[in-house]
Amino acid sequence: MTENKRLLPGSMSDEDALTCDDPITAFIARLSVSKVHDELTDFVNAEIHRPEANVNHILIGMAAYMVQMHASLAASFFDVEMSDSVAAQFQAVFDRTYREHFVDSAKELAA
């Protein structure tokens, strides 16, 4: 299977996340050990090393890409009348997880 390591202090190991009962955690775990994750990491690393790379442009572009991908996927599941509900769900996930994950990751990188 995967290495039994934790990405952040107090987080689940890869194996625990992959086999847990929470479907969202398990989905994220599968995504994080997939070729998609590896290829995105390789792509971002290549972008960082482009001449005149600007980290702000990369971050804004990644955020826009993520939002557009989510919106396109959501549109394939729901009618346009659900757009406000789906956007509110996305916003709630962002509000609940972004800053905490950013701070945890920054602390781990600084350690």
# chains A, B, ... in the order shown; residues from 1 in each chain; ligands from 1
$ residues_around --residues "A:Ala87" --least-positions-apart "3" --cutoff "10 Å" --atoms "only C-alpha atoms" --output "PyMOL selection string"
chain A and resi 67+70-71+74+82-84+90-93
$ select_by_dssp --residues "stretch 1-103 of chain A" --states "helix (DSSP H, G or I)" --output "JSON, numbers by chain"
{"A": [14, 15, 16, 17, 18, 19, 23, 24, 25, 26, 27, 28, 29, 30, 31, 32, 35, 36, 37, 38, 39, 40, 41, 42, 43, 44, 45, 46, 47, 48, 55, 56, 57, 58, 59, 60, 61, 62, 63, 64, 65, 66, 67, 68, 69, 70, 71, 72, 73, 74, 75, 76, 77, 80, 81, 82, 83, 84, 85, 86, 87, 88, 89, 90, 91, 92, 93, 94, 95, 96, 97, 98, 99, 100, 101, 102, 103]}
$ closest_residue --among "A:Asp38, A:Ser13, A:Val80, A:Glu52" --to "A:Ala26" --atoms "only C-alpha atoms"
A:Ser13
$ residues_around --residues "stretch 54-62 of chain A" --least-positions-apart "6" --cutoff "9 Å" --atoms "only C-alpha atoms" --output "number ranges by chain"
A: 44, 47-48
$ write_last_selection --atoms "all heavy atoms" --output "PDB file, in the first residue's frame"
ATOM      1  N   VAL A  44       3.196  22.189 -11.416  1.00  0.00           N
ATOM      2  CA  VAL A  44       3.421  23.405 -10.624  1.00  0.00           C
ATOM      3  C   VAL A  44       4.921  23.640 -10.431  1.00  0.00           C
ATOM      4  O   VAL A  44       5.395  24.780 -10.547  1.00  0.00           O
ATOM      5  CB  VAL A  44       2.679  23.340  -9.271  1.00  0.00           C
ATOM      6  CG1 VAL A  44       3.082  24.489  -8.360  1.00  0.00           C
ATOM      7  CG2 VAL A  44       1.177  23.368  -9.512  1.00  0.00           C
ATOM      8  N   GLU A  47       6.208  25.157 -13.523  1.00  0.00           N
ATOM      9  CA  GLU A  47       5.777  26.555 -13.628  1.00  0.00           C
ATOM     10  C   GLU A  47       6.633  27.466 -12.747  1.00  0.00           C
ATOM     11  O   GLU A  47       6.984  28.573 -13.151  1.00  0.00           O
ATOM     12  CB  GLU A  47       4.303  26.695 -13.245  1.00  0.00           C
ATOM     13  CG  GLU A  47       3.351  26.158 -14.277  1.00  0.00           C
ATOM     14  CD  GLU A  47       3.415  26.946 -15.583  1.00  0.00           C
ATOM     15  OE1 GLU A  47       3.292  28.189 -15.553  1.00  0.00           O
ATOM     16  OE2 GLU A  47       3.592  26.313 -16.644  1.00  0.00           O
ATOM     17  N   ILE A  48       6.962  26.996 -11.558  1.00  0.00           N
ATOM     18  CA  ILE A  48       7.781  27.781 -10.635  1.00  0.00           C
ATOM     19  C   ILE A  48       9.150  28.083 -11.243  1.00  0.00           C
ATOM     20  O   ILE A  48       9.722  29.139 -11.001  1.00  0.00           O
ATOM     21  CB  ILE A  48       7.921  27.049  -9.281  1.00  0.00           C
ATOM     22  CG1 ILE A  48       6.575  27.055  -8.553  1.00  0.00           C
ATOM     23  CG2 ILE A  48       9.012  27.654  -8.413  1.00  0.00           C
ATOM     24  CD1 ILE A  48       6.500  26.122  -7.363  1.00  0.00           C
TER      25      ILE A  48
END
$ residues_around --residues "A:Ala29" --least-positions-apart "2" --cutoff "6 Å" --atoms "only C-alpha atoms" --output "list in words"
Ala17, Leu18, Ala26, Phe27, Leu31 and Ser32 of chain A
$ atom_distance --atom1 "atom CA of A:His101" --atom2 "atom CA of A:Lys35"
22.2 Å
